[in-house]
Amino acid sequence: MTIFDELKARGLLAQLTDEEEIKELINNGKAVFYIGFDPTADSLHVGHFMALCLMKRLQMAGNRPIALIGGGTAMIGDPSGRSDMRTMMTVEQIDHNCECFKKQMSRFIEFGEGKAMMVNNADWLRGLNYIEFLREVGAHFSVNRMLTAECYKQRMEKGLSFLEFNYMIMQSYDFLELYKRYGCNMQFGGDDQWSNMLGGTELIRRKLGKNACAMTITLLLNSEGKKMGKTQKGAVWLDPEKTSPFEFYQYWRNVGDDDVLKCLRMLTFLPLEQIDEMDKWEGSQLNTAKEILAFELTKLVHGEEEATKAQESAKALFAGGGDDANMPTYELKDEDFLNGKIDILGVLASSGLCASRSEARRAVEQGGVTVDNEKVTDVKMTFEPSSFAGDGIVVKRGKKNFKRIVK
């Protein structure tokens, strides 16, 4: 099976502009491709997972990835898939986030001479002369055609700023610059970026001639992949300081039955034959598939040792065996106690298991809170510091959220 065939079999490719040419480049290790990452936070999250895994697969097949960090485009809003304008960030915030991205991407992609490149579009966007940019790039874009793009149509009723309206032109200009500077002949992106990517392909061919090699591919279900990065409690980050390896493992352990095989195909590097065998699994066997998924992805992000620790901790919590020493832990502070005591609502709110005391009250009243596997029924339940001595207590909210509380 060629790498192109494998990408299709794993469900990673959706729309392509030049399938035969793309197939030729990818299968022969001649693709120099880029995927863009906007540095809107100081950590990547699981919504970026599909793109990172795709870059790794293609590099393993001999192709050269370019990780484009949007240090320039992050200074304006991107309307794609959004209903509101993105919060403006300072240059210092953006540059800090770019540095954080570099460290995390190195776990997936091998950077170096002749290998993957890390490029920041601030290098050419921040110094642009407005008049020259309009003459060189703006003249190639039809406003009427741009307004038919889905990303703009979704915003027209609520209001689309001129700043955001420029995003398509700037992203297209990125592809032109990458083509001229690094020989980048291919771009990948989510299905919500399709109009922007087509703009880049057309810009290259208009500026450099129809024979210029510029290909476009979108990732199947990448918009859904972005949603993977969100939970009820916020984003699931790749930074272990923001989302512990145990919490990361549990996130994937709790994917829906209908999604587990899809995630195994798109995100892990297990052989397709092995995953195809799992198609026959049902019932409790799907839980085994989820454990495999969680272990493989935690190993990919945090290393095998942390993945093993997370798996053992999960067994201790849910199956009554193994080592639970690596369970996420919260250490209560002196100020968390009032007159030498803390109630269950305070434990839930202080530890982050609930966003507020009122949310904690609702969780208890609905029967969704346990302490050391005993359901809590009294919202006035209190603890003294000695209650958290030694190994502390394990507090669970619902099926997926839990922490060891110590003092």
# chains A, B, ... in the order shown; residues from 1 in each chain; ligands from 1

$ select_by_dssp --residues "stretch 140-236 of chain A" --states "alpha helix (DSSP H)" --output "PyMOL selection string"
chain A and resi 143-146+150-156+162-165+167-182+194-208+222-227

$ write_last_selection --atoms "C-alpha atoms" --output "PDB file, in the first residue's frame"
ATOM      1  CA  VAL A 143     -14.440  40.559  -3.632  1.00  0.00           C
ATOM      2  CA  ASN A 144     -17.609  39.071  -5.116  1.00  0.00           C
ATOM      3  CA  ARG A 145     -16.040  35.632  -5.211  1.00  0.00           C
ATOM      4  CA  MET A 146     -14.586  35.961  -1.713  1.00  0.00           C
ATOM      5  CA  GLU A 150     -18.679  29.775   3.470  1.00  0.00           C
ATOM      6  CA  CYS A 151     -16.341  31.200   6.115  1.00  0.00           C
ATOM      7  CA  TYR A 152     -17.418  34.730   5.192  1.00  0.00           C
ATOM      8  CA  LYS A 153     -21.087  33.971   4.586  1.00  0.00           C
ATOM      9  CA  GLN A 154     -21.419  32.684   8.154  1.00  0.00           C
ATOM     10  CA  ARG A 155     -20.237  36.033   9.499  1.00  0.00           C
ATOM     11  CA  MET A 156     -22.006  38.477   7.212  1.00  0.00           C
ATOM     12  CA  PHE A 162     -12.332  44.506   7.255  1.00  0.00           C
ATOM     13  CA  LEU A 163      -9.435  43.171   9.321  1.00  0.00           C
ATOM     14  CA  GLU A 164     -10.868  39.651   9.231  1.00  0.00           C
ATOM     15  CA  PHE A 165     -11.862  39.993   5.593  1.00  0.00           C
ATOM     16  CA  TYR A 167      -7.410  36.797   6.295  1.00  0.00           C
ATOM     17  CA  MET A 168      -7.947  34.837   3.068  1.00  0.00           C
ATOM     18  CA  ILE A 169      -5.563  37.109   1.176  1.00  0.00           C
ATOM     19  CA  MET A 170      -2.891  36.840   3.854  1.00  0.00           C
ATOM     20  CA  GLN A 171      -3.151  33.044   4.048  1.00  0.00           C
ATOM     21  CA  SER A 172      -2.922  32.840   0.269  1.00  0.00           C
ATOM     22  CA  TYR A 173       0.144  35.055   0.374  1.00  0.00           C
ATOM     23  CA  ASP A 174       1.698  32.627   2.870  1.00  0.00           C
ATOM     24  CA  PHE A 175       1.565  29.835   0.298  1.00  0.00           C
ATOM     25  CA  LEU A 176       3.130  32.086  -2.353  1.00  0.00           C
ATOM     26  CA  GLU A 177       5.994  33.032  -0.024  1.00  0.00           C
ATOM     27  CA  LEU A 178       6.582  29.423   1.050  1.00  0.00           C
ATOM     28  CA  TYR A 179       6.616  28.354  -2.594  1.00  0.00           C
ATOM     29  CA  LYS A 180       9.177  30.998  -3.547  1.00  0.00           C
ATOM     30  CA  ARG A 181      11.384  30.670  -0.449  1.00  0.00           C
ATOM     31  CA  TYR A 182      11.345  26.919   0.218  1.00  0.00           C
ATOM     32  CA  TRP A 194     -10.773  25.085   1.847  1.00  0.00           C
ATOM     33  CA  SER A 195     -11.630  28.508   0.360  1.00  0.00           C
ATOM     34  CA  ASN A 196      -8.501  30.072   1.847  1.00  0.00           C
ATOM     35  CA  MET A 197      -6.311  27.273   0.503  1.00  0.00           C
ATOM     36  CA  LEU A 198      -7.795  27.458  -2.972  1.00  0.00           C
ATOM     37  CA  GLY A 199      -6.970  31.156  -2.914  1.00  0.00           C
ATOM     38  CA  GLY A 200      -3.310  30.324  -2.302  1.00  0.00           C
ATOM     39  CA  THR A 201      -3.172  27.742  -5.084  1.00  0.00           C
ATOM     40  CA  GLU A 202      -4.760  30.151  -7.565  1.00  0.00           C
ATOM     41  CA  LEU A 203      -2.487  33.021  -6.480  1.00  0.00           C
ATOM     42  CA  ILE A 204       0.659  31.013  -7.221  1.00  0.00           C
ATOM     43  CA  ARG A 205      -0.583  29.984 -10.636  1.00  0.00           C
ATOM     44  CA  ARG A 206      -1.644  33.542 -11.535  1.00  0.00           C
ATOM     45  CA  LYS A 207       1.628  35.066 -10.356  1.00  0.00           C
ATOM     46  CA  LEU A 208       4.006  32.377 -11.609  1.00  0.00           C
ATOM     47  CA  ASN A 222     -10.639  18.105  10.560  1.00  0.00           C
ATOM     48  CA  SER A 223     -13.303  20.513  11.824  1.00  0.00           C
ATOM     49  CA  GLU A 224     -14.488  17.649  14.013  1.00  0.00           C
ATOM     50  CA  GLY A 225     -10.868  17.131  14.993  1.00  0.00           C
ATOM     51  CA  LYS A 226     -10.734  20.685  16.262  1.00  0.00           C
ATOM     52  CA  LYS A 227     -13.767  19.967  18.426  1.00  0.00           C
TER      53      LYS A 227
END

$ residues_around --residues "A:Leu13" --least-positions-apart "6" --cutoff "8 Å" --atoms "only C-alpha atoms" --output "JSON, numbers by chain"
{"A": [7, 217, 218, 219, 220]}

$ write_last_selection --atoms "C-alpha atoms" --output "compact mmCIF listing (two decimals), in the first residue's frame"
# COMPACT_ATOMS: atom_id res chain seq x y z
CA LEU A 7 -3.93 8.18 3.99
CA ILE A 217 -5.65 18.94 0.14
CA THR A 218 -8.10 19.14 3.02
CA LEU A 219 -8.22 16.74 5.92
CA LEU A 220 -11.41 14.74 6.32

$ closest_residue --among "A:Leu261, A:Ala214, A:Ala314, A:Leu160" --to "A:Met186" --atoms "only C-alpha atoms"
A:Ala214

$ residues_around --residues "A:Gln311" --least-positions-apart "4" --cutoff "9 Å" --atoms "only C-alpha atoms" --output "PyMOL selection string"
chain A and resi 246+249-250+291+294-295+306-307+315-316+322-323

$ select_by_dssp --residues "stretch 174-222 of chain A" --states "strand (DSSP E)" --output "PyMOL selection string"
chain A and resi 186-190+215-219

$ atom_distance --atom1 "atom CA of A:Val379" --atom2 "atom CA of A:Asp343"
7.7 Å

$ closest_atom_pairs --of "stretch 252-343 of chain A" --to "stretch 102-114 of chain A" --cutoff "12 Å" --atoms "only C-alpha atoms" --output "CSV"
residue,atom,partner,partner_atom,distance
A:Leu267,CA,A:Phe108,CA,12.0
A:Phe269,CA,A:Phe108,CA,12.0
A:Leu297,CA,A:Phe108,CA,11.4
A:Thr298,CA,A:Arg107,CA,11.8
A:Lys299,CA,A:Arg107,CA,10.5
A:Leu300,CA,A:Arg107,CA,7.7
A:Val301,CA,A:Arg107,CA,6.8
A:His302,CA,A:Arg107,CA,8.6
A:Gly303,CA,A:Arg107,CA,9.1

$ residues_around --residues "A:Leu270" --least-positions-apart "3" --cutoff "12 Å" --atoms "only C-alpha atoms" --output "PyMOL selection string"
chain A and resi 6+10+57+261+263-267+273-278+289+292-293+295-297+300

$ closest_residue --among "A:Asn401, A:Ser356, A:Thr288, A:Thr308" --to "A:Thr329" --atoms "only C-alpha atoms"
A:Asn401

$ residues_around --residues "A:Glu359" --least-positions-apart "4" --cutoff "12 Å" --atoms "only C-alpha atoms" --output "short mmCIF file (atom, residue, chain, number, x, y, z; two decimals) with C-alpha atoms, in the first residue's frame"
data_model
loop_
_atom_site.label_atom_id
_atom_site.label_comp_id
_atom_site.auth_asym_id
_atom_site.auth_seq_id
_atom_site.Cartn_x
_atom_site.Cartn_y
_atom_site.Cartn_z
CA ILE A 344 -17.29 19.18 50.09
CA LEU A 345 -18.33 22.17 47.98
CA GLY A 346 -15.04 23.85 48.81
CA LEU A 348 -14.80 20.46 44.53
CA ALA A 349 -14.36 24.16 43.71
CA GLY A 352 -11.10 22.49 39.87
CA LEU A 353 -13.51 19.55 39.70
CA CYS A 354 -16.26 22.18 39.63
CA ALA A 355 -16.05 25.74 38.37
CA ALA A 363 -23.28 18.04 41.31
CA VAL A 364 -23.79 16.76 44.86
CA GLU A 365 -27.57 17.19 44.76
CA GLN A 366 -27.71 15.25 41.49
CA GLY A 368 -22.71 12.80 40.87
CA VAL A 369 -20.02 13.11 43.56
CA VAL A 379 -23.82 19.26 50.71
CA ARG A 397 -17.39 14.13 39.90
#

$ atom_distance --atom1 "atom CA of A:Asn120" --atom2 "atom CA of A:Gly70"
6.0 Å

$ residues_around --residues "A:Thr382" --least-positions-apart "2" --cutoff "12 Å" --atoms "only C-alpha atoms" --output "PDB file with C-alpha atoms, in the first residue's frame"
ATOM      1  CA  PHE A 337      -9.904  25.963  55.150  1.00  0.00           C
ATOM      2  CA  LEU A 338     -12.282  28.045  57.268  1.00  0.00           C
ATOM      3  CA  ASN A 339     -12.004  27.601  61.032  1.00  0.00           C
ATOM      4  CA  GLY A 340      -9.965  24.456  60.455  1.00  0.00           C
ATOM      5  CA  LYS A 341     -12.506  22.797  58.146  1.00  0.00           C
ATOM      6  CA  ILE A 342     -13.461  22.618  54.474  1.00  0.00           C
ATOM      7  CA  ASP A 343     -16.788  21.417  53.116  1.00  0.00           C
ATOM      8  CA  ILE A 344     -17.293  19.183  50.093  1.00  0.00           C
ATOM      9  CA  LEU A 345     -18.327  22.165  47.978  1.00  0.00           C
ATOM     10  CA  GLY A 346     -15.036  23.853  48.811  1.00  0.00           C
ATOM     11  CA  VAL A 347     -13.091  20.691  47.915  1.00  0.00           C
ATOM     12  CA  LEU A 348     -14.800  20.460  44.525  1.00  0.00           C
ATOM     13  CA  VAL A 371     -15.425  10.356  48.045  1.00  0.00           C
ATOM     14  CA  VAL A 376     -21.904  12.101  48.850  1.00  0.00           C
ATOM     15  CA  ASP A 378     -24.937  15.921  52.163  1.00  0.00           C
ATOM     16  CA  VAL A 379     -23.818  19.264  50.714  1.00  0.00           C
ATOM     17  CA  LYS A 380     -22.675  20.255  54.232  1.00  0.00           C
ATOM     18  CA  GLU A 384     -10.500  18.449  58.702  1.00  0.00           C
ATOM     19  CA  PRO A 385      -6.850  18.635  57.545  1.00  0.00           C
ATOM     20  CA  SER A 386      -6.217  15.196  59.023  1.00  0.00           C
ATOM     21  CA  SER A 387      -8.763  13.742  56.565  1.00  0.00           C
ATOM     22  CA  PHE A 388      -6.259  14.343  53.776  1.00  0.00           C
TER      23      PHE A 388
END
